[in-house]
Amino acid sequence: MNISLFTVPDIPLIHEGDDIAAIVCERFDLQDHDIVVVVSTIVAKAEGRIIELLDVVPSDSALSIAGQNDRDPRLVQMVLDESKEIILKFPFLLVETENGNVCVNAGVDGSNIDGDRIVLLPEDSDQSAKAIREAVFARTARKVSVIVTDTNGRAFRDGQTGVAIGISGITPTRDWRGQCDLFGKMLEVANEAIVDEIAGAANLLFGEGGDGTPVVVVRGLDCYAKHEGLQPIYFPRSEDVIRDAITRASKQETR
Ligand code: GDP
Ligand code: MN
Ligand code: MN
């Protein structure tokens, strides 16, 4: 078995209004069932999801959190604006974004953008992935899967990895439950988060710095499926045990 990953060459700096599907299709000969993996930073740039730091006026709440965490209050304000729920305030802001991803600082990111400007996450990354998939099909008649990624830290482990934050044309997990192991025992919990594994692999080629390689094509892993959206990967609140524990602990602390 083998799979191939390719960076799409010569992608320019992305600006508001740029057509990411067109930029990819002009530079790479996509085949059916390729997986097109795109960093959220360029999706957000194309969608104009950029804020001038100088335009942000921090609220009292942002000022207080910023003081505690030794952060720029304007950045904290942006994070608050992008969050559906705050899970942890100190020593960093761990939040649920409007789309459901739980991450530090709501993905608000000052890197790989010029000046005092900050890139937010795409407004709706599932929708962005779908729009790219459909635009690729309209141009090339190729049926591809699309994954929009961000780099996130993990609980319990140092270091960050690529994770999926929006998907289209692929199911988020590969369910092994009901299948047998080497010795005929039934697998009861194995449900492989393939979109995160693919995002992590693609991130090896994206890099985090000045490489300028924000799109990777994965070939040879046929995961194409008529499925939209990452929602199934997020635990329902009743099953989100760790989150519940963090919320309870941080409530106790502020009491
Ligand atoms: P994130 O993981 O979505 O936060 O994106 P990063 O900021 O880590 O960037 C990942 C990759 O995309 C790096 O190789 C960056 O150099 C590249 N990148 C970011 N913005 C652009 C852009 O506008 N044009 C190009 N060509 N590359 C970009
Ligand atoms: Mn990011
Ligand atoms: Mn990154």
# chains A, B, ... in the order shown; residues from 1 in each chain; ligands from 1
>>> select_by_dssp(residues="range 58-241 of chain A", states="helix (DSSP H, G or I)", output="PyMOL selection string")
chain A and resi 60-69+73-81+105-107+125-140+194-206+231-233+237-239+241
>>> residues_near_ligand(ligand="ligand 1", cutoff="9 Å", atoms="only C-alpha atoms and all ligand atoms", output="number ranges by chain")
A: 9-15, 38-46, 107-113, 119, 121, 148-152, 161-163, 203, 205-215
>>> closest_residue(among="A:Gly169, A:Asp181, A:Met186, A:Asn191", to="His33 in chain A", atoms="only C-alpha atoms")
A:Gly169
>>> select_by_dssp(residues="range 26-108 of chain A", states="strand (DSSP E)", output="list in words")
Ile35, Val36, Val37, Val38, Val39, Ile50, Ile51, Glu52, Ser83, Lys84, Glu85, Ile86, Ile87, Leu88, Leu94, Val95, Glu96, Thr97, Val102, Cys103 and Val104 of chain A
>>> residues_around(residues="Ala155 in chain A", least_positions_apart="6", cutoff="12 Å", atoms="only C-alpha atoms", output="ChimeraX atom specification")
/A:94,102-104,161,242-243,246
>>> closest_residue(among="A:Thr7, A:Asn105, A:Gln31, A:Gln160", to="ligand 3", atoms="only C-alpha atoms and all ligand atoms")
A:Gln160
>>> closest_residue(among="A:Asp175, A:Gly153, A:Ile170, A:Ile147", to="ligand 2", atoms="only C-alpha atoms and all ligand atoms")
A:Gly153
>>> atom_distance(atom1="CA of Arg49 in chain A", atom2="CA of Pro122 in chain A")
6.5 Å
>>> residues_around(residues="range 58-70 of chain A", least_positions_apart="4", cutoff="7 Å", atoms="only C-alpha atoms", output="tab-separated table (two decimals) with N, CA and C atoms, in the first residue's frame")
chain	number	residue	atom	x	y	z
A	74	ARG	N	-6.57	43.67	22.47
A	74	ARG	CA	-7.31	43.70	21.20
A	74	ARG	C	-7.42	42.29	20.62
A	76	VAL	N	-7.43	39.58	22.46
A	76	VAL	CA	-8.40	38.90	23.33
A	76	VAL	C	-9.82	39.26	22.89
A	77	GLN	N	-10.05	40.53	22.56
A	77	GLN	CA	-11.38	40.93	22.10
A	77	GLN	C	-11.79	40.16	20.85
A	89	LYS	N	-10.32	30.47	30.73
A	89	LYS	CA	-9.87	31.85	30.51
A	89	LYS	C	-8.39	32.02	30.79
A	90	PHE	N	-7.89	31.23	31.73
A	90	PHE	CA	-6.51	31.39	32.20
A	90	PHE	C	-5.85	30.02	32.26
A	91	PRO	N	-4.59	29.86	31.87
A	91	PRO	CA	-3.62	30.89	31.44
A	91	PRO	C	-3.70	31.22	29.95
A	92	PHE	N	-4.65	30.64	29.25
A	92	PHE	CA	-4.90	31.02	27.86
A	92	PHE	C	-6.38	30.81	27.59
>>> closest_residue(among="A:Gly17, A:Val136, A:Asn99, A:Thr171", to="Leu30 in chain A", atoms="only C-alpha atoms")
A:Val136
>>> closest_atom_pairs(of="range 86-176 of chain A", to="range 234-238 of chain A", cutoff="12 Å", atoms="only C-alpha atoms", output="JSON lines")
{"residue": "A:Glu96", "atom": "CA", "partner": "A:Tyr234", "partner_atom": "CA", "distance": 10.7}
{"residue": "A:Thr97", "atom": "CA", "partner": "A:Tyr234", "partner_atom": "CA", "distance": 11.9}
{"residue": "A:Asn99", "atom": "CA", "partner": "A:Tyr234", "partner_atom": "CA", "distance": 10.2}
{"residue": "A:Gly100", "atom": "CA", "partner": "A:Tyr234", "partner_atom": "CA", "distance": 7.1}
{"residue": "A:Asn101", "atom": "CA", "partner": "A:Tyr234", "partner_atom": "CA", "distance": 7.6}
{"residue": "A:Val102", "atom": "CA", "partner": "A:Tyr234", "partner_atom": "CA", "distance": 9.0}
{"residue": "A:Ala164", "atom": "CA", "partner": "A:Tyr234", "partner_atom": "CA", "distance": 11.5}
{"residue": "A:Ile165", "atom": "CA", "partner": "A:Tyr234", "partner_atom": "CA", "distance": 10.6}
{"residue": "A:Gly166", "atom": "CA", "partner": "A:Tyr234", "partner_atom": "CA", "distance": 11.9}
{"residue": "A:Pro172", "atom": "CA", "partner": "A:Tyr234", "partner_atom": "CA", "distance": 10.2}
{"residue": "A:Thr173", "atom": "CA", "partner": "A:Tyr234", "partner_atom": "CA", "distance": 11.3}
>>> residues_around(residues="Asp32 in chain A", least_positions_apart="3", cutoff="10 Å", atoms="only C-alpha atoms", output="PDB file with C-alpha atoms, in the first residue's frame")
ATOM      1  CA  ILE A  35      -8.136  14.860  -1.479  1.00  0.00           C
ATOM      2  CA  PHE A 137     -16.008  20.036 -10.125  1.00  0.00           C
ATOM      3  CA  THR A 140     -12.612  20.110 -14.168  1.00  0.00           C
ATOM      4  CA  ALA A 141     -15.474  17.604 -13.696  1.00  0.00           C
ATOM      5  CA  ARG A 142     -13.186  15.946 -11.103  1.00  0.00           C
ATOM      6  CA  LYS A 143     -14.809  14.543  -7.986  1.00  0.00           C
ATOM      7  CA  VAL A 144     -12.490  15.449  -5.123  1.00  0.00           C
ATOM      8  CA  SER A 145     -12.729  15.559  -1.358  1.00  0.00           C
ATOM      9  CA  ARG A 219      -3.609  10.737  -3.814  1.00  0.00           C
ATOM     10  CA  ASP A 222      -9.741   6.822  -1.683  1.00  0.00           C
ATOM     11  CA  TYR A 224     -14.435  10.088  -1.482  1.00  0.00           C
TER      12      TYR A 224
END
>>> atom_distance(atom1="CA of Asp19 in chain A", atom2="CA of Ser128 in chain A")
11.3 Å
>>> closest_residue(among="A:Asp126, A:Leu120, A:Ile233, A:Phe6", to="ligand 2", atoms="only C-alpha atoms and all ligand atoms")
A:Leu120
>>> decode(residues="range 228-249 of chain A", atoms="N, CA and C atoms", output="compact mmCIF listing (two decimals), in the first residue's frame")
# COMPACT_ATOMS: atom_id res chain seq x y z
N GLU A 228 -21.14 15.79 3.82
CA GLU A 228 -20.76 17.18 4.06
C GLU A 228 -20.63 17.41 5.57
N GLY A 229 -19.55 18.07 5.97
CA GLY A 229 -19.53 18.64 7.31
C GLY A 229 -18.87 17.79 8.37
N LEU A 230 -18.25 18.51 9.30
CA LEU A 230 -17.43 17.90 10.36
C LEU A 230 -18.23 17.64 11.63
N GLN A 231 -19.48 18.06 11.65
CA GLN A 231 -20.28 18.01 12.87
C GLN A 231 -20.19 16.66 13.60
N PRO A 232 -20.24 15.49 12.89
CA PRO A 232 -20.23 14.21 13.62
C PRO A 232 -18.97 13.99 14.47
N ILE A 233 -17.91 14.76 14.21
CA ILE A 233 -16.68 14.51 14.96
C ILE A 233 -16.72 15.15 16.35
N TYR A 234 -17.59 16.13 16.52
CA TYR A 234 -17.67 16.80 17.82
C TYR A 234 -18.61 16.03 18.74
N PHE A 235 -18.12 15.74 19.96
CA PHE A 235 -18.96 15.04 20.93
C PHE A 235 -20.21 15.85 21.22
N PRO A 236 -21.36 15.16 21.36
CA PRO A 236 -22.50 15.85 21.97
C PRO A 236 -22.10 16.22 23.40
N ARG A 237 -22.67 17.30 23.93
CA ARG A 237 -22.23 17.78 25.24
C ARG A 237 -22.35 16.71 26.31
N SER A 238 -23.36 15.87 26.23
CA SER A 238 -23.58 14.84 27.27
C SER A 238 -22.45 13.82 27.29
N GLU A 239 -21.68 13.70 26.17
CA GLU A 239 -20.59 12.72 26.12
C GLU A 239 -19.22 13.37 26.23
N ASP A 240 -19.19 14.71 26.33
CA ASP A 240 -17.92 15.43 26.29
C ASP A 240 -17.34 15.52 27.71
N VAL A 241 -16.80 14.38 28.17
CA VAL A 241 -16.43 14.20 29.57
C VAL A 241 -15.30 15.15 30.00
N ILE A 242 -14.27 15.27 29.18
CA ILE A 242 -13.12 16.09 29.54
C ILE A 242 -13.51 17.56 29.60
N ARG A 243 -14.28 17.97 28.62
CA ARG A 243 -14.72 19.37 28.59
C ARG A 243 -15.55 19.69 29.83
N ASP A 244 -16.40 18.78 30.20
CA ASP A 244 -17.23 18.94 31.38
C ASP A 244 -16.37 19.10 32.62
N ALA A 245 -15.32 18.28 32.72
CA ALA A 245 -14.43 18.33 33.88
C ALA A 245 -13.70 19.67 33.93
N ILE A 246 -13.23 20.15 32.78
CA ILE A 246 -12.53 21.43 32.74
C ILE A 246 -13.46 22.55 33.17
N THR A 247 -14.68 22.51 32.63
CA THR A 247 -15.65 23.57 32.95
C THR A 247 -15.94 23.59 34.44
N ARG A 248 -16.12 22.39 35.03
CA ARG A 248 -16.41 22.32 36.46
C ARG A 248 -15.23 22.82 37.29
N ALA A 249 -14.02 22.40 36.90
CA ALA A 249 -12.83 22.80 37.65
C ALA A 249 -12.62 24.31 37.58
